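One structure is given below, encoded as structure tokens.
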Amino acid sequence: MTQASQISENQVLEALEGVMDGDESIVSKGMVQGLQVQDGHVVMAIVVPPSVGASAEPLRKEAEKVVHALNGVLSATVVLTAESEPGGGNSGHDHGHDHGHDHDHDHGKAQKEAPLLPGAKSIIAVASGKGGVGKSTTAVNLALALKAQGLKVGLLDADIFGPSQPRMLGISGEPQSSDGKTLDPMEGHGIKCMSMGFLVDEETPVVWRGPMVQTALIQMMRDINWGTLDVMIVDMPPGTGDVQLTMAQQVPLTGAIIVSTPQDMALLDARKGLNMFRQVDVPVLGIIENMSYFACPHCGEHTNIFSHGGAKKEADTVGMEFLGEIPLDVQIRETSDGGNPVVVSDPDGAHALAYKAIAKRVWEKTEDALAAKAASEPRILQ
């Protein structure tokens, strides 16, 4: 038996008995939730009231340090969450508190009513009906292209299970708190960014239930000092499940962009994404065809590896604007994976110009949506 396989949930909980919140341990207070131990990797959340927020960061760090010091632990990841009042219990461990239900209800209500991203003038979701279509690469390059227009831009990596924006923006380290209450977003290439990737080791699996994922996402919007932004780009999780639907319902989205590849199966999933946003009355700004074609770097000949033009036909069919196409090109992949996306590494190149043209149109439609919303709001007459 290897050392990593010897660590158990009970051993982790015993160690956490020494982490005190006031006069009582975080375990006995039921603050430990979502504890997962897998192959020496430990992931857990500490539940705090919404009013406490990032001020509990020292408690999180202490718990992470204690767990990481255990024999057999390869990595320890602890996040703060305001899913419920302490006492709501932890991953199957009941500590005898009988008041968690009322607090869950009260805080769930408070969490829903708390303003999300109040400093963002507009919020745009970049979504896909399935994974593997280059959604995150599209999101980061669009964000950078919008910044190139002189806009203040934020990027929220909402993919809890597969965060990629820290790598794409070339950012490392953990977020800090300048006011002791809220965390400051990280920054790369002039864009503010927050991602679970800043809190979880890249190789550590996150094994959480849907409610915890939703809580973590809300926390990254509510408890982060984003400041004033012209536009927040949300790199949505792939798919159209409960988490995606909750995000679409709870976040005051200005609009959404659907990313798809040209082939039929991807377009079918893209249509599901479109219908999800329409269900919750979120305007869909348009569709982008990614990996549209392959241009040979030697002869320039175009090869339609995944077919071509399918997204444009789909857009016409469902009455949605076709925003543009991005080719399948090694430069786009290498620059994004290397933390220096093509919009900033080759700003005058053909690929960057394609992203910039799409971003220009997206911002035009965003301004139209904001103007329409303002016109529809009731006015107080003197």
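Here's how to read the names in the structure tokens: chain A, B, ... by the order shown, residue numbers from 1 in each chain, ligand numbers from 1 in the order shown.
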
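Non-sequential neighbours of Phe322 in chain A (distance at most 8 Å, separation of 2 or more positions within a chain, only C-alpha atoms) are A:Gly286, A:Ile287, A:Ile288, A:Ala311, A:Lys312, A:Ala315, A:Asp316, A:Met320, A:Gly324.
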
Restricted to C-alpha atoms, what would the selected residues look like written as a short mmCIF file (atom, residue, chain, number, x, y, z; two decimals), in the first residue's frame?
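What follows is the written file selection_4.cif:
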```cif
data_model
loop_
_atom_site.label_atom_id
_atom_site.label_comp_id
_atom_site.auth_asym_id
_atom_site.auth_seq_id
_atom_site.Cartn_x
_atom_site.Cartn_y
_atom_site.Cartn_z
CA GLY A 286 -24.64 35.30 -31.94
CA ILE A 287 -22.67 32.18 -32.78
CA ILE A 288 -18.96 31.77 -33.55
CA ALA A 311 -22.51 27.30 -37.76
CA LYS A 312 -23.51 29.99 -40.25
CA ALA A 315 -27.46 30.69 -37.21
CA ASP A 316 -29.64 31.37 -40.25
CA MET A 320 -29.32 34.16 -34.77
CA GLY A 324 -17.60 35.05 -37.57
#
```

Can you pull out the residues contacting Trp363 in chain A? Cut-off 12 Å, using only C-alpha atoms, and skip same-chain residues under 3 positions away; I want them as a PyMOL selection string. chain A and resi 121-124+142-143+145-151+153+230-233+254-257+285-286+323+356-360+366-370

Restricted to N, CA and C atoms, what would the selected residues look like written as a compact mmCIF listing (two decimals), in the first residue's frame?
```txt
# COMPACT_ATOMS: atom_id res chain seq x y z
N LYS A 121 -20.63 46.93 -16.08
CA LYS A 121 -21.64 47.58 -16.92
C LYS A 121 -22.40 46.55 -17.74
N SER A 122 -21.69 45.52 -18.19
CA SER A 122 -22.32 44.46 -18.97
C SER A 122 -21.65 43.13 -18.66
N ILE A 123 -22.40 42.04 -18.79
CA ILE A 123 -21.89 40.70 -18.52
C ILE A 123 -22.25 39.81 -19.70
N ILE A 124 -21.25 39.21 -20.31
CA ILE A 124 -21.47 38.38 -21.50
C ILE A 124 -20.98 36.96 -21.22
N LEU A 142 -11.41 36.90 -27.05
CA LEU A 142 -12.44 37.93 -27.15
C LEU A 142 -12.26 38.98 -26.05
N ALA A 143 -11.96 38.52 -24.84
CA ALA A 143 -11.73 39.45 -23.74
C ALA A 143 -10.58 40.40 -24.06
N ALA A 145 -9.48 41.13 -27.04
CA ALA A 145 -9.86 41.97 -28.18
C ALA A 145 -10.75 43.12 -27.73
N LEU A 146 -11.60 42.89 -26.74
CA LEU A 146 -12.41 43.96 -26.19
C LEU A 146 -11.55 44.97 -25.44
N LYS A 147 -10.54 44.48 -24.74
CA LYS A 147 -9.62 45.39 -24.06
C LYS A 147 -8.88 46.25 -25.08
N ALA A 148 -8.56 45.67 -26.23
CA ALA A 148 -7.86 46.42 -27.28
C ALA A 148 -8.70 47.58 -27.80
N GLN A 149 -10.01 47.54 -27.55
CA GLN A 149 -10.89 48.64 -27.93
C GLN A 149 -10.90 49.75 -26.88
N GLY A 150 -10.11 49.57 -25.80
CA GLY A 150 -10.05 50.57 -24.75
C GLY A 150 -11.03 50.33 -23.62
N LEU A 151 -11.63 49.14 -23.57
CA LEU A 151 -12.60 48.82 -22.54
C LEU A 151 -11.94 48.22 -21.31
N VAL A 153 -11.99 45.34 -18.85
CA VAL A 153 -12.53 43.99 -19.05
C VAL A 153 -12.16 43.07 -17.88
N ASP A 230 -16.28 47.72 -17.83
CA ASP A 230 -17.20 47.92 -18.96
C ASP A 230 -17.87 46.61 -19.34
N VAL A 231 -17.11 45.52 -19.26
CA VAL A 231 -17.66 44.23 -19.65
C VAL A 231 -16.98 43.11 -18.87
N MET A 232 -17.78 42.18 -18.41
CA MET A 232 -17.28 40.96 -17.78
C MET A 232 -17.58 39.80 -18.72
N ILE A 233 -16.53 39.10 -19.13
CA ILE A 233 -16.70 37.89 -19.93
C ILE A 233 -16.74 36.69 -18.99
N THR A 254 -26.08 40.28 -19.80
CA THR A 254 -26.50 41.18 -20.87
C THR A 254 -26.77 40.39 -22.14
N GLY A 255 -26.01 39.33 -22.33
CA GLY A 255 -26.18 38.49 -23.51
C GLY A 255 -25.26 37.30 -23.45
N ALA A 256 -25.38 36.42 -24.43
CA ALA A 256 -24.57 35.20 -24.49
C ALA A 256 -24.06 34.99 -25.90
N ILE A 257 -22.91 34.34 -25.99
CA ILE A 257 -22.31 33.96 -27.27
C ILE A 257 -22.16 32.44 -27.27
N LEU A 285 -26.31 36.86 -28.47
CA LEU A 285 -25.72 37.85 -29.37
C LEU A 285 -25.29 37.25 -30.69
N GLY A 286 -25.02 35.94 -30.70
CA GLY A 286 -24.64 35.30 -31.94
C GLY A 286 -23.84 34.04 -31.72
N LEU A 323 -21.46 35.54 -36.00
CA LEU A 323 -20.47 36.56 -35.63
C LEU A 323 -19.15 36.42 -36.38
N LYS A 356 -10.76 40.43 -33.22
CA LYS A 356 -11.08 41.84 -32.99
C LYS A 356 -12.34 42.25 -33.75
N ALA A 357 -12.52 41.71 -34.95
CA ALA A 357 -13.72 42.02 -35.72
C ALA A 357 -14.96 41.48 -35.01
N ILE A 358 -14.85 40.27 -34.48
CA ILE A 358 -15.96 39.68 -33.74
C ILE A 358 -16.24 40.49 -32.48
N ALA A 359 -15.16 40.88 -31.76
CA ALA A 359 -15.32 41.65 -30.53
C ALA A 359 -15.98 42.99 -30.80
N LYS A 360 -15.63 43.62 -31.91
CA LYS A 360 -16.22 44.91 -32.27
C LYS A 360 -17.74 44.77 -32.45
N THR A 366 -23.85 44.66 -27.65
CA THR A 366 -23.96 44.84 -26.20
C THR A 366 -24.48 46.23 -25.87
N GLU A 367 -23.92 47.23 -26.53
CA GLU A 367 -24.39 48.61 -26.30
C GLU A 367 -25.86 48.75 -26.70
N ASP A 368 -26.26 48.11 -27.79
CA ASP A 368 -27.67 48.15 -28.19
C ASP A 368 -28.55 47.51 -27.12
N ALA A 369 -28.09 46.38 -26.56
CA ALA A 369 -28.86 45.68 -25.53
C ALA A 369 -28.96 46.54 -24.27
N LEU A 370 -27.88 47.21 -23.90
CA LEU A 370 -27.90 48.08 -22.72
C LEU A 370 -28.83 49.26 -22.93
```

Counting only C-alpha atoms, figure out which residue out of A:Ile224, A:Leu144, A:Val251, A:Ala372 gets nearest to Asp346 in chain A.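 Among the listed residues, A:Leu144 lies closest to Asp346 in chain A.
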
So that I can check the surroundings of Ile326 in chain A, please list as a PyMOL selection string every protein, DNA and RNA residue that reaches within 7 Å of it, counting only C-alpha atoms and ignoring chain neighbours fewer than 4 positions away. chain A and resi 289-292+354

I'd like the contact shell of Met247 in chain A - 10 Å cut-off, only C-alpha atoms, skipping same-chain residues fewer than 6 positions apart - returned as a ChimeraX atom specification. /A:125,158,214,217-218,234,236-237,253

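Separating CA of Leu70 in chain A from CA of Gly40 in chain A is a distance of 9.9 Å.
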
Take CA of Val318 in chain A and CA of Ala127 in chain A and report the distance between them in Å, one decimal.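 The value is 16.7 Å.
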
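Atom pair CA of Asp235 in chain A / CA of Asp329 in chain A: separated by 21.0 Å.
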
Would you list the contacts of Ala352 in chain A as a ChimeraX atom specification, taking every protein, DNA or RNA residue within 8 Å and counting only C-alpha atoms, but skipping same-chain residues closer than 3 positions in sequence? /A:141,145,342-344,346-349,355-356

Go ahead and dump the residues you just picked, C-alpha atoms, as a compact mmCIF listing (two decimals), in the first residue's frame.
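To be explicit, this is the file written out as selection_16.txt:
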```txt
# COMPACT_ATOMS: atom_id res chain seq x y z
CA ASN A 141 -9.10 36.12 -27.02
CA ALA A 145 -9.86 41.97 -28.18
CA VAL A 342 -2.68 35.43 -30.18
CA VAL A 343 -4.57 38.73 -29.78
CA VAL A 344 -1.67 40.09 -27.69
CA ASP A 346 0.46 38.84 -32.72
CA PRO A 347 -2.01 41.76 -32.54
CA ASP A 348 -1.84 42.62 -36.23
CA GLY A 349 -1.97 39.04 -37.50
CA TYR A 355 -11.12 38.03 -33.02
CA LYS A 356 -11.08 41.84 -32.99
```

Assign secondary structure with DSSP using the backbone only, and return the residues of range 121-366 of chain A in alpha helix (DSSP H) as a PyMOL selection string. chain A and resi 135-147+165-168+210-222+242-250+264-279+310-318+330-337+342-345+350-366

Residues just named, written with C-alpha atoms as a CSV table (one decimal), in the first residue's frame:
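Contents of again.csv, freshly written:
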```csv
chain,number,residue,atom,x,y,z
A,135,LYS,CA,-14.7,27.9,-25.9
A,136,SER,CA,-12.1,29.0,-23.4
A,137,THR,CA,-9.6,29.9,-26.1
A,138,THR,CA,-12.4,32.0,-27.7
A,139,ALA,CA,-13.3,33.6,-24.4
A,140,VAL,CA,-9.8,34.8,-23.5
A,141,ASN,CA,-9.1,36.1,-27.0
A,142,LEU,CA,-12.4,37.9,-27.1
A,143,ALA,CA,-11.7,39.4,-23.7
A,144,LEU,CA,-8.3,40.7,-24.9
A,145,ALA,CA,-9.9,42.0,-28.2
A,146,LEU,CA,-12.4,44.0,-26.2
A,147,LYS,CA,-9.6,45.4,-24.1
A,165,GLN,CA,-7.9,30.8,-17.8
A,166,PRO,CA,-5.0,31.1,-15.3
A,167,ARG,CA,-2.8,29.2,-17.8
A,168,MET,CA,-4.1,31.1,-20.8
A,210,GLY,CA,-24.0,20.8,-7.9
A,211,PRO,CA,-25.0,23.1,-5.0
A,212,MET,CA,-21.4,23.5,-3.9
A,213,VAL,CA,-20.3,24.4,-7.4
A,214,GLN,CA,-23.0,26.9,-7.7
A,215,THR,CA,-22.0,28.5,-4.4
A,216,ALA,CA,-18.4,28.7,-5.4
A,217,LEU,CA,-19.4,30.5,-8.6
A,218,ILE,CA,-21.6,32.9,-6.8
A,219,GLN,CA,-18.8,33.6,-4.3
A,220,MET,CA,-16.4,34.4,-7.2
A,221,MET,CA,-18.8,37.1,-8.3
A,222,ARG,CA,-20.0,38.4,-5.0
A,242,ASP,CA,-28.2,22.5,-13.7
A,243,VAL,CA,-25.0,24.5,-13.0
A,244,GLN,CA,-25.2,26.2,-16.4
A,245,LEU,CA,-28.9,26.9,-16.0
A,246,THR,CA,-28.4,28.3,-12.5
A,247,MET,CA,-25.7,30.6,-13.8
A,248,ALA,CA,-28.0,31.8,-16.6
A,249,GLN,CA,-30.8,32.4,-14.1
A,250,GLN,CA,-28.9,34.1,-11.3
A,264,ASP,CA,-23.5,18.3,-37.2
A,265,MET,CA,-23.1,16.9,-33.6
A,266,ALA,CA,-21.5,20.0,-32.3
A,267,LEU,CA,-24.2,22.2,-33.9
A,268,LEU,CA,-26.9,20.0,-32.3
A,269,ASP,CA,-25.3,20.7,-28.9
A,270,ALA,CA,-25.0,24.4,-29.8
A,271,ARG,CA,-28.7,24.5,-30.4
A,272,LYS,CA,-29.3,23.2,-26.9
A,273,GLY,CA,-27.2,26.0,-25.5
A,274,LEU,CA,-29.2,28.5,-27.5
A,275,ASN,CA,-32.5,27.1,-26.2
A,276,MET,CA,-31.2,27.2,-22.6
A,277,PHE,CA,-30.5,30.9,-22.8
A,278,ARG,CA,-33.8,31.6,-24.5
A,279,GLN,CA,-35.6,29.7,-21.7
A,310,GLY,CA,-22.3,24.7,-40.5
A,311,ALA,CA,-22.5,27.3,-37.8
A,312,LYS,CA,-23.5,30.0,-40.2
A,313,LYS,CA,-26.3,27.8,-41.6
A,314,GLU,CA,-27.4,27.0,-38.1
A,315,ALA,CA,-27.5,30.7,-37.2
A,316,ASP,CA,-29.6,31.4,-40.2
A,317,THR,CA,-32.0,28.5,-39.3
A,318,VAL,CA,-32.6,29.7,-35.8
A,330,VAL,CA,-1.4,25.8,-34.2
A,331,GLN,CA,-0.5,29.4,-33.4
A,332,ILE,CA,-3.8,30.0,-31.7
A,333,ARG,CA,-3.4,26.8,-29.5
A,334,GLU,CA,0.3,27.4,-28.7
A,335,THR,CA,-0.1,31.0,-27.8
A,336,SER,CA,-3.1,30.3,-25.6
A,337,ASP,CA,-1.5,27.4,-23.8
A,342,VAL,CA,-2.7,35.4,-30.2
A,343,VAL,CA,-4.6,38.7,-29.8
A,344,VAL,CA,-1.7,40.1,-27.7
A,345,SER,CA,1.2,38.0,-29.1
A,350,ALA,CA,-4.9,37.6,-39.4
A,351,HIS,CA,-6.2,35.5,-36.4
A,352,ALA,CA,-6.0,38.5,-34.0
A,353,LEU,CA,-7.9,40.7,-36.5
A,354,ALA,CA,-10.6,38.0,-36.8
A,355,TYR,CA,-11.1,38.0,-33.0
A,356,LYS,CA,-11.1,41.8,-33.0
A,357,ALA,CA,-13.7,42.0,-35.7
A,358,ILE,CA,-16.0,39.7,-33.7
A,359,ALA,CA,-15.3,41.6,-30.5
A,360,LYS,CA,-16.2,44.9,-32.3
A,361,ARG,CA,-19.6,43.5,-33.4
A,362,VAL,CA,-20.2,42.0,-29.9
A,363,TRP,CA,-19.6,45.3,-28.2
A,364,GLU,CA,-22.0,47.0,-30.7
A,365,LYS,CA,-24.7,44.5,-29.9
A,366,THR,CA,-24.0,44.8,-26.2
```

Selected residue of minimal separation from Ser8 in chain A among A:Val259, A:Val52, A:Val67, A:Met194, counting only C-alpha atoms: A:Val67

Sort by chain and increasing residue number a table of all residues of range 301-358 of chain A within 8 Å of range 169-181 of chain A, each with its closest pair of atoms and their distance in Å to one decimal, counting only C-alpha atoms, and write it as JSON lines.
```
{"residue": "A:Ser336", "atom": "CA", "partner": "A:Leu169", "partner_atom": "CA", "distance": 7.5}
{"residue": "A:Gly338", "atom": "CA", "partner": "A:Gly170", "partner_atom": "CA", "distance": 7.0}
{"residue": "A:Gly339", "atom": "CA", "partner": "A:Gly170", "partner_atom": "CA", "distance": 3.8}
{"residue": "A:Asn340", "atom": "CA", "partner": "A:Leu169", "partner_atom": "CA", "distance": 6.3}
{"residue": "A:Pro341", "atom": "CA", "partner": "A:Leu169", "partner_atom": "CA", "distance": 7.3}
```
